$ cat protein33.cif   # mmCIF, C-alpha atoms
data_work
loop_
_atom_site.group_PDB
_atom_site.id
_atom_site.type_symbol
_atom_site.label_atom_id
_atom_site.label_comp_id
_atom_site.auth_asym_id
_atom_site.auth_seq_id
_atom_site.Cartn_x
_atom_site.Cartn_y
_atom_site.Cartn_z
ATOM 1 C CA MET A 1 -22.465 219.321 74.484
ATOM 2 C CA GLY A 2 -20.505 222.576 74.241
ATOM 3 C CA GLY A 3 -17.268 222.753 72.332
ATOM 4 C CA HIS A 4 -15.617 224.551 69.458
ATOM 5 C CA ASP A 5 -17.709 222.564 66.994
ATOM 6 C CA ALA A 6 -20.991 222.988 68.859
ATOM 7 C CA GLY A 7 -23.888 223.861 66.592
ATOM 8 C CA MET A 8 -22.264 222.436 63.462
ATOM 9 C CA GLU A 9 -24.074 219.118 63.620
ATOM 10 C CA HIS A 10 -27.128 220.445 61.741
ATOM 11 C CA GLN A 11 -25.190 221.126 58.523
ATOM 12 C CA PHE A 12 -24.331 217.450 58.095
ATOM 13 C CA THR A 13 -26.888 214.935 56.875
ATOM 14 C CA GLY A 14 -26.785 211.247 56.242
ATOM 15 C CA VAL A 15 -23.470 209.424 56.629
ATOM 16 C CA SER A 16 -21.532 212.680 56.802
ATOM 17 C CA ARG A 17 -23.308 213.378 60.088
ATOM 18 C CA PHE A 18 -21.252 210.600 61.643
ATOM 19 C CA PHE A 19 -18.151 210.688 59.432
ATOM 20 C CA ASN A 20 -16.743 214.171 58.793
ATOM 21 C CA SER A 21 -13.629 216.127 59.611
ATOM 22 C CA GLN A 22 -15.385 219.025 61.358
ATOM 23 C CA THR A 23 -17.098 217.780 64.520
ATOM 24 C CA TYR A 24 -15.498 215.846 67.371
ATOM 25 C CA LEU A 25 -17.858 212.938 66.811
ATOM 26 C CA GLY A 26 -17.205 212.832 63.070
ATOM 27 C CA ARG A 27 -13.462 212.967 63.529
ATOM 28 C CA ARG A 28 -13.563 210.286 66.196
ATOM 29 C CA ASN A 29 -15.603 207.976 63.979
ATOM 30 C CA CYS A 30 -13.234 208.546 61.040
ATOM 31 C CA VAL A 31 -10.288 207.661 63.255
ATOM 32 C CA LEU A 32 -11.966 204.508 64.571
ATOM 33 C CA ALA A 33 -12.997 203.471 61.067
ATOM 34 C CA THR A 34 -9.441 203.928 59.808
ATOM 35 C CA TYR A 35 -8.018 201.893 62.674
ATOM 36 C CA ALA A 36 -10.624 199.162 62.034
ATOM 37 C CA GLY A 37 -9.734 199.155 58.340
ATOM 38 C CA VAL A 38 -6.006 198.859 59.037
ATOM 39 C CA ALA A 39 -6.667 196.052 61.541
ATOM 40 C CA ALA A 40 -8.891 194.265 59.016
ATOM 41 C CA ILE A 41 -6.223 194.460 56.298
ATOM 42 C CA PHE A 42 -3.583 193.205 58.713
ATOM 43 C CA LEU A 43 -5.763 190.304 59.865
ATOM 44 C CA PHE A 44 -6.658 189.449 56.289
ATOM 45 C CA PHE A 45 -3.034 188.985 55.298
ATOM 46 C CA LYS A 46 -2.156 187.295 58.582
ATOM 47 C CA LEU A 47 -4.938 184.686 58.394
ATOM 48 C CA LYS A 48 -4.780 184.111 54.639
ATOM 49 C CA PRO A 49 -3.812 180.465 54.063
ATOM 50 C CA LYS A 50 -0.382 180.160 52.497
ATOM 51 C CA LYS A 51 -0.319 178.365 49.150
ATOM 52 C CA GLN A 52 1.394 174.999 49.410
ATOM 53 C CA PRO A 53 3.838 174.343 46.560
ATOM 54 C CA ALA A 54 2.625 171.582 44.237
ATOM 55 C CA VAL A 55 4.250 168.170 44.808
ATOM 56 C CA THR A 56 5.603 166.830 41.500
ATOM 57 C CA ASP A 57 6.760 163.277 40.645
ATOM 58 C CA LYS A 58 10.525 163.184 40.111
ATOM 59 C CA MET B 59 43.944 200.490 76.058
ATOM 60 C CA THR B 60 43.212 202.670 73.024
ATOM 61 C CA MET B 61 40.719 205.394 73.889
ATOM 62 C CA THR B 62 38.104 206.339 71.337
ATOM 63 C CA LEU B 63 36.107 209.530 71.131
ATOM 64 C CA PHE B 64 33.033 207.764 72.454
ATOM 65 C CA ASP B 65 34.629 206.421 75.614
ATOM 66 C CA GLN B 66 33.576 209.595 77.430
ATOM 67 C CA PHE B 67 29.947 208.473 77.062
ATOM 68 C CA LEU B 68 30.425 205.052 78.649
ATOM 69 C CA SER B 69 28.525 204.634 81.886
ATOM 70 C CA PRO B 70 31.192 204.930 84.593
ATOM 71 C CA THR B 71 31.917 201.998 86.873
ATOM 72 C CA LEU B 72 34.245 201.450 89.807
ATOM 73 C CA PHE B 73 35.164 197.815 90.498
ATOM 74 C CA LYS B 74 32.138 196.807 88.431
ATOM 75 C CA MET B 75 29.832 199.017 90.524
ATOM 76 C CA PRO B 76 27.851 201.519 88.442
ATOM 77 C CA LEU B 77 28.550 205.119 89.380
ATOM 78 C CA ILE B 78 25.626 206.523 87.433
ATOM 79 C CA ALA B 79 23.553 206.494 90.608
ATOM 80 C CA ILE B 80 25.945 209.015 92.164
ATOM 81 C CA ALA B 81 25.789 211.098 88.977
ATOM 82 C CA LEU B 82 21.990 211.127 89.167
ATOM 83 C CA VAL B 83 21.868 212.004 92.862
ATOM 84 C CA SER B 84 24.484 214.778 92.672
ATOM 85 C CA PRO B 85 22.119 217.495 91.315
ATOM 86 C CA TRP B 86 19.867 217.145 94.333
ATOM 87 C CA LEU B 87 22.847 217.334 96.706
ATOM 88 C CA LEU B 88 23.924 220.602 95.128
ATOM 89 C CA HIS B 89 20.587 222.356 95.298
ATOM 90 C CA HIS B 90 19.831 224.402 98.372
ATOM 91 C CA VAL B 91 17.444 223.001 100.924
ATOM 92 C CA VAL B 92 14.243 225.037 101.073
ATOM 93 C CA THR B 93 14.510 227.434 103.982
ATOM 94 C CA THR B 94 11.771 228.410 106.389
ATOM 95 C CA ARG B 95 13.283 231.876 106.812
ATOM 96 C CA PHE B 96 11.383 234.811 105.398
ATOM 97 C CA SER B 97 14.345 236.276 103.545
ATOM 98 C CA SER B 98 16.637 233.742 101.984
ATOM 99 C CA GLU B 99 20.108 234.121 100.571
ATOM 100 C CA ARG B 100 20.859 235.577 97.162
ATOM 101 C CA LEU B 101 21.318 232.310 95.265
ATOM 102 C CA LEU B 102 18.097 230.884 96.613
ATOM 103 C CA SER B 103 16.243 234.094 95.704
ATOM 104 C CA VAL B 104 17.575 233.912 92.147
ATOM 105 C CA LYS B 105 16.472 230.307 91.957
ATOM 106 C CA LYS B 106 13.009 231.161 93.290
ATOM 107 C CA VAL B 107 12.554 233.971 90.762
ATOM 108 C CA SER B 108 13.658 231.788 87.832
ATOM 109 C CA VAL B 109 11.505 228.858 88.939
ATOM 110 C CA SER B 110 8.423 231.052 89.342
ATOM 111 C CA ALA B 111 9.035 232.663 85.933
ATOM 112 C CA LEU B 112 9.328 229.228 84.327
ATOM 113 C CA THR B 113 6.200 227.964 86.098
ATOM 114 C CA LYS B 114 4.140 230.960 84.986
ATOM 115 C CA HIS B 115 5.371 230.660 81.400
ATOM 116 C CA ILE B 116 4.701 226.938 81.061
ATOM 117 C CA PHE B 117 1.450 226.727 83.001
ATOM 118 C CA GLN B 118 -0.307 229.855 81.749
ATOM 119 C CA PRO B 119 -1.996 228.061 78.830
ATOM 120 C CA LEU B 120 -2.880 225.032 80.949
ATOM 121 C CA GLY B 121 -6.091 224.832 82.927
ATOM 122 C CA PRO B 122 -6.459 223.836 86.586
ATOM 123 C CA LEU B 123 -6.158 220.136 85.708
ATOM 124 C CA GLY B 124 -2.759 220.776 84.167
ATOM 125 C CA HIS B 125 -1.534 222.727 87.201
ATOM 126 C CA LYS B 126 -1.229 219.461 89.100
ATOM 127 C CA TRP B 127 1.806 218.751 86.940
ATOM 128 C CA ALA B 128 3.642 221.886 88.128
ATOM 129 C CA LEU B 129 5.814 220.110 90.704
ATOM 130 C CA MET B 130 6.674 217.329 88.255
ATOM 131 C CA PHE B 131 7.655 219.666 85.415
ATOM 132 C CA VAL B 132 9.593 222.153 87.488
ATOM 133 C CA SER B 133 11.547 219.448 89.305
ATOM 134 C CA LEU B 134 12.204 217.694 85.979
ATOM 135 C CA PHE B 135 13.509 220.958 84.524
ATOM 136 C CA MET B 136 15.791 221.594 87.520
ATOM 137 C CA PHE B 137 17.058 218.006 87.337
ATOM 138 C CA LEU B 138 17.800 218.132 83.611
ATOM 139 C CA ILE B 139 19.396 221.562 83.659
ATOM 140 C CA THR B 140 21.656 220.603 86.549
ATOM 141 C CA LEU B 141 22.677 217.314 84.915
ATOM 142 C CA ASN B 142 23.378 219.050 81.612
ATOM 143 C CA VAL B 143 25.379 221.936 83.058
ATOM 144 C CA LEU B 144 27.360 219.737 85.484
ATOM 145 C CA GLY B 145 28.298 217.530 82.560
ATOM 146 C CA LEU B 146 30.137 220.419 80.941
ATOM 147 C CA LEU B 147 32.755 220.386 83.687
ATOM 148 C CA PRO B 148 35.941 218.518 82.749
ATOM 149 C CA TYR B 149 36.078 214.823 83.550
ATOM 150 C CA THR B 150 32.411 214.646 84.563
ATOM 151 C CA PHE B 151 29.896 212.200 83.225
ATOM 152 C CA THR B 152 26.643 213.485 81.713
ATOM 153 C CA PRO B 153 23.815 211.045 82.375
ATOM 154 C CA THR B 154 21.573 212.735 79.794
ATOM 155 C CA THR B 155 23.851 211.483 77.027
ATOM 156 C CA GLN B 156 22.470 208.029 77.770
ATOM 157 C CA LEU B 157 19.379 207.199 75.733
ATOM 158 C CA SER B 158 18.299 204.857 78.525
ATOM 159 C CA LEU B 159 17.899 207.822 80.890
ATOM 160 C CA THR B 160 16.240 210.233 78.476
ATOM 161 C CA PHE B 161 13.887 207.582 77.150
ATOM 162 C CA SER B 162 12.972 206.447 80.656
ATOM 163 C CA LEU B 163 11.995 210.044 81.426
ATOM 164 C CA ALA B 164 10.211 210.738 78.145
ATOM 165 C CA LEU B 165 8.155 207.544 77.698
ATOM 166 C CA PRO B 166 6.252 207.423 81.018
ATOM 167 C CA LEU B 167 5.509 211.146 81.007
ATOM 168 C CA TRP B 168 4.293 211.110 77.385
ATOM 169 C CA LEU B 169 2.220 207.993 78.070
ATOM 170 C CA ALA B 170 0.711 209.669 81.131
ATOM 171 C CA THR B 171 -0.429 212.642 79.017
ATOM 172 C CA VAL B 172 -2.009 210.316 76.458
ATOM 173 C CA LEU B 173 -3.761 208.185 79.070
ATOM 174 C CA ILE B 174 -5.040 211.274 80.885
ATOM 175 C CA GLY B 175 -6.493 212.505 77.605
ATOM 176 C CA PHE B 176 -8.243 209.211 76.964
ATOM 177 C CA ARG B 177 -9.525 209.065 80.511
ATOM 178 C CA LEU B 178 -10.891 212.618 80.614
ATOM 179 C CA ASP B 179 -12.448 212.758 77.136
ATOM 180 C CA PRO B 180 -11.826 209.775 74.832
ATOM 181 C CA THR B 181 -13.818 211.355 71.981
ATOM 182 C CA ARG B 182 -11.631 214.464 71.949
ATOM 183 C CA ALA B 183 -8.456 212.418 72.383
ATOM 184 C CA LEU B 184 -9.296 210.290 69.339
ATOM 185 C CA ALA B 185 -10.498 213.330 67.377
ATOM 186 C CA HIS B 186 -7.015 214.867 67.736
ATOM 187 C CA MET B 187 -5.740 212.216 65.335
ATOM 188 C CA LEU B 188 -7.597 213.966 62.486
ATOM 189 C CA PRO B 189 -6.986 217.691 61.946
ATOM 190 C CA GLN B 190 -10.173 219.690 61.556
ATOM 191 C CA GLY B 191 -11.120 220.523 57.986
ATOM 192 C CA THR B 192 -9.196 217.719 56.331
ATOM 193 C CA PRO B 193 -10.417 216.968 52.781
ATOM 194 C CA PRO B 194 -12.270 213.626 52.678
ATOM 195 C CA LEU B 195 -9.762 211.912 50.356
ATOM 196 C CA LEU B 196 -6.877 212.678 52.721
ATOM 197 C CA ILE B 197 -8.613 211.499 55.912
ATOM 198 C CA PRO B 198 -7.160 207.943 56.146
ATOM 199 C CA VAL B 199 -3.658 209.080 55.160
ATOM 200 C CA LEU B 200 -3.639 211.921 57.654
ATOM 201 C CA ILE B 201 -4.972 209.747 60.462
ATOM 202 C CA ILE B 202 -2.138 207.268 59.924
ATOM 203 C CA ILE B 203 0.410 210.093 59.738
ATOM 204 C CA GLU B 204 -0.919 211.770 62.891
ATOM 205 C CA THR B 205 -0.962 208.456 64.770
ATOM 206 C CA ILE B 206 2.643 207.772 63.819
ATOM 207 C CA SER B 207 3.639 211.302 64.802
ATOM 208 C CA VAL B 208 1.999 210.882 68.213
ATOM 209 C CA MET B 209 3.625 207.476 68.767
ATOM 210 C CA ILE B 210 7.060 208.765 67.833
ATOM 211 C CA ARG B 211 6.952 211.661 70.307
ATOM 212 C CA PRO B 212 8.680 209.912 73.246
ATOM 213 C CA LEU B 213 11.475 208.714 70.978
ATOM 214 C CA ALA B 214 11.868 212.196 69.508
ATOM 215 C CA LEU B 215 11.964 213.757 72.970
ATOM 216 C CA ALA B 216 14.582 211.301 74.208
ATOM 217 C CA VAL B 217 16.781 211.384 71.111
ATOM 218 C CA ARG B 218 16.641 215.196 70.850
ATOM 219 C CA LEU B 219 18.074 215.625 74.336
ATOM 220 C CA MET B 220 20.572 212.802 73.986
ATOM 221 C CA ALA B 221 21.814 213.773 70.524
ATOM 222 C CA ASN B 222 22.209 217.484 71.286
ATOM 223 C CA LEU B 223 24.305 216.828 74.357
ATOM 224 C CA THR B 224 26.320 214.021 72.801
ATOM 225 C CA ALA B 225 27.121 216.108 69.716
ATOM 226 C CA GLY B 226 28.177 219.054 71.845
ATOM 227 C CA HIS B 227 30.432 216.988 74.063
ATOM 228 C CA LEU B 228 31.962 215.292 71.054
ATOM 229 C CA LEU B 229 32.720 218.623 69.387
ATOM 230 C CA ILE B 230 34.313 219.970 72.572
ATOM 231 C CA HIS B 231 36.409 216.816 72.838
ATOM 232 C CA LEU B 232 37.508 217.006 69.175
ATOM 233 C CA ILE B 233 38.414 220.674 69.238
ATOM 234 C CA SER B 234 40.222 220.455 72.564
ATOM 235 C CA THR B 235 42.234 217.495 71.244
ATOM 236 C CA GLY B 236 43.034 219.578 68.169
ATOM 237 C CA VAL B 237 44.145 222.530 70.312
ATOM 238 C CA PHE B 238 46.350 220.263 72.391
ATOM 239 C CA LEU B 239 48.022 218.726 69.335
ATOM 240 C CA LEU B 240 48.375 222.008 67.419
ATOM 241 C CA THR B 241 50.014 223.916 70.287
ATOM 242 C CA SER B 242 53.472 222.543 69.503
ATOM 243 C CA MET B 243 53.092 222.456 65.698
ATOM 244 C CA MET B 244 51.103 225.566 64.754
ATOM 245 C CA PRO B 245 50.662 227.927 67.723
ATOM 246 C CA MET B 246 48.623 230.554 65.854
ATOM 247 C CA THR B 247 46.145 227.951 64.629
ATOM 248 C CA ALA B 248 45.987 226.567 68.137
ATOM 249 C CA ILE B 249 45.049 230.018 69.476
ATOM 250 C CA LEU B 250 42.277 230.310 66.876
ATOM 251 C CA ALA B 251 41.055 226.848 67.764
ATOM 252 C CA LEU B 252 41.145 227.803 71.448
ATOM 253 C CA ALA B 253 38.978 230.844 70.730
ATOM 254 C CA LEU B 254 36.595 228.590 68.837
ATOM 255 C CA LEU B 255 36.594 226.212 71.799
ATOM 256 C CA GLY B 256 35.648 229.081 74.119
ATOM 257 C CA LEU B 257 32.739 230.072 71.887
ATOM 258 C CA LEU B 258 31.660 226.450 71.572
ATOM 259 C CA THR B 259 31.677 226.050 75.346
ATOM 260 C CA LEU B 260 29.407 229.079 75.678
ATOM 261 C CA LEU B 261 27.137 227.594 73.034
ATOM 262 C CA GLU B 262 27.068 224.270 74.868
ATOM 263 C CA ILE B 263 26.043 225.983 78.102
ATOM 264 C CA ALA B 264 23.171 227.591 76.196
ATOM 265 C CA VAL B 265 22.266 224.274 74.582
ATOM 266 C CA ALA B 266 22.320 222.549 77.974
ATOM 267 C CA VAL B 267 19.804 225.053 79.368
ATOM 268 C CA ILE B 268 17.668 225.203 76.226
ATOM 269 C CA GLN B 269 17.394 221.439 75.793
ATOM 270 C CA ALA B 270 16.172 221.018 79.364
ATOM 271 C CA TYR B 271 13.607 223.770 78.730
ATOM 272 C CA VAL B 272 12.512 222.281 75.376
ATOM 273 C CA PHE B 273 12.020 218.855 76.947
ATOM 274 C CA VAL B 274 9.695 220.235 79.601
ATOM 275 C CA LEU B 275 7.966 222.651 77.223
ATOM 276 C CA LEU B 276 7.113 219.897 74.738
ATOM 277 C CA LEU B 277 5.745 217.704 77.518
ATOM 278 C CA SER B 278 3.561 220.615 78.651
ATOM 279 C CA LEU B 279 2.303 221.034 75.083
ATOM 280 C CA TYR B 280 1.450 217.332 74.882
ATOM 281 C CA LEU B 281 -0.393 217.747 78.174
ATOM 282 C CA LEU B 282 -2.196 220.817 76.833
ATOM 283 C CA GLU B 283 -3.620 218.739 73.978
ATOM 284 C CA ASN B 284 -5.055 216.215 76.386
ATOM 285 C CA VAL B 285 -6.223 218.272 79.362
#
$ encode --input "protein33.cif" --output "structure tokens"
Amino acid sequence: MGGHDAGMEHQFTGVSRFFNSQTYLGRRNCVLATYAGVAAIFLFFKLKPKKQPAVTDK
Amino acid sequence: MTMTLFDQFLSPTLFKMPLIAIALVSPWLLHHVVTTRFSSERLLSVKKVSVSALTKHIFQPLGPLGHKWALMFVSLFMFLITLNVLGLLPYTFTPTTQLSLTFSLALPLWLATVLIGFRLDPTRALAHMLPQGTPPLLIPVLIIIETISVMIRPLALAVRLMANLTAGHLLIHLISTGVFLLTSMMPMTAILALALLGLLTLLEIAVAVIQAYVFVLLLSLYLLENV
């Protein structure tokens, strides 16, 4: 597809083909990955079971 | 009842009926009705020239898709500029000093630009959250910063307009109170303060016009990113 980053795809290989800060696709995937990471961290702390305080004999 | 400096910004009521509706309708009552005559009167011609100059300036960078917003932006500009300038008259209420009004204008229009961007090209809309050429280590930080800066835009738009007008009105109120009190005690100081008040009033007229323009210009720039 045409665009200001058209023709730059060939210089990226491997993972950087999909995650880079030059092409539209790479930037989009970086953004989505960051959002997914933030959501995962949030869910991790939200769903982590809270430690119950130990019951001691008095 | 003791009056405070901020009482001028209270939404006016008459027997518990809100008068803000009248304040919001008054700009449209003051504007001339569009005439079908070939040659219109002087004031209408001046208005036509200024409106066409504004339209050309704001919509030149925008493509055909953005031109659909011309009526919305120009009418918003005329509305805001009339509200702001009318509010500089003595004993009038300025609706744009209410965050409820400015935010209710800013939020839907900003949201519309964002949704249009996602609808037309979601890849490009998401890619805007990461500036091109960002070093790899800075990518997550910059994405979060750009997302926050995009989300805060409607609040910034609303507060900018509200705060500029509120500050200006407050200053005018303070200095005019000072002039009034100093007239009997220190006449020369009162004259200096009166001169300052005149200059401040001119500044506030400029601010009233500029803030309406900035509001519409920023919305057009947000639209430019997404269209």
$ interface_residues --input "protein33.cif" --of "chain B" --to "chain A" --cutoff "8 Å" --atoms "only C-alpha atoms" --output "list of chain:residue names"
B:Thr181, B:Arg182, B:Leu184, B:Ala185, B:His186, B:Met187, B:Leu188, B:Pro189, B:Gln190, B:Gly191, B:Thr192, B:Pro193, B:Pro194, B:Ile197, B:Pro198, B:Ile201
$ resolve_selection --input "protein33.cif" --expression "the PyMOL selection byres ((chain B and resi 85-96) around 9)" --output "ChimeraX atom specification"
/B:81-84,97-98,101-102,136-138,140-141,144
$ resolve_selection --input "protein33.cif" --expression "the PyMOL selection byres ((chain B and resi 209) around 12)" --output "PyMOL selection string"
chain B and resi 164-165+168-169+172+187+202-208+210-215+280
$ axis_aligned_box --input "protein33.cif" --around "region 31-43 of chain A" --padding-each-side "5 Å" --output "lines of an AutoDock Vina configuration file"
center_x = -8.3
center_y = 199.0
center_z = 60.4
size_x = 19.4
size_y = 27.4
size_z = 18.3
$ residues_near_point --input "protein33.cif" --point "(33.7, 218.3, 69.1)" --cutoff "12 Å" --atoms "all atoms listed in the file" --output "list in words"
Leu63, Phe64, Asn222, Leu223, Thr224, Ala225, Gly226, His227, Leu228, Leu229, Ile230, His231, Leu232, Ile233, Ser234, Thr235, Gly236, Val237, Ala251, Leu254, Leu255, Leu258, Thr259 and Glu262 of chain B
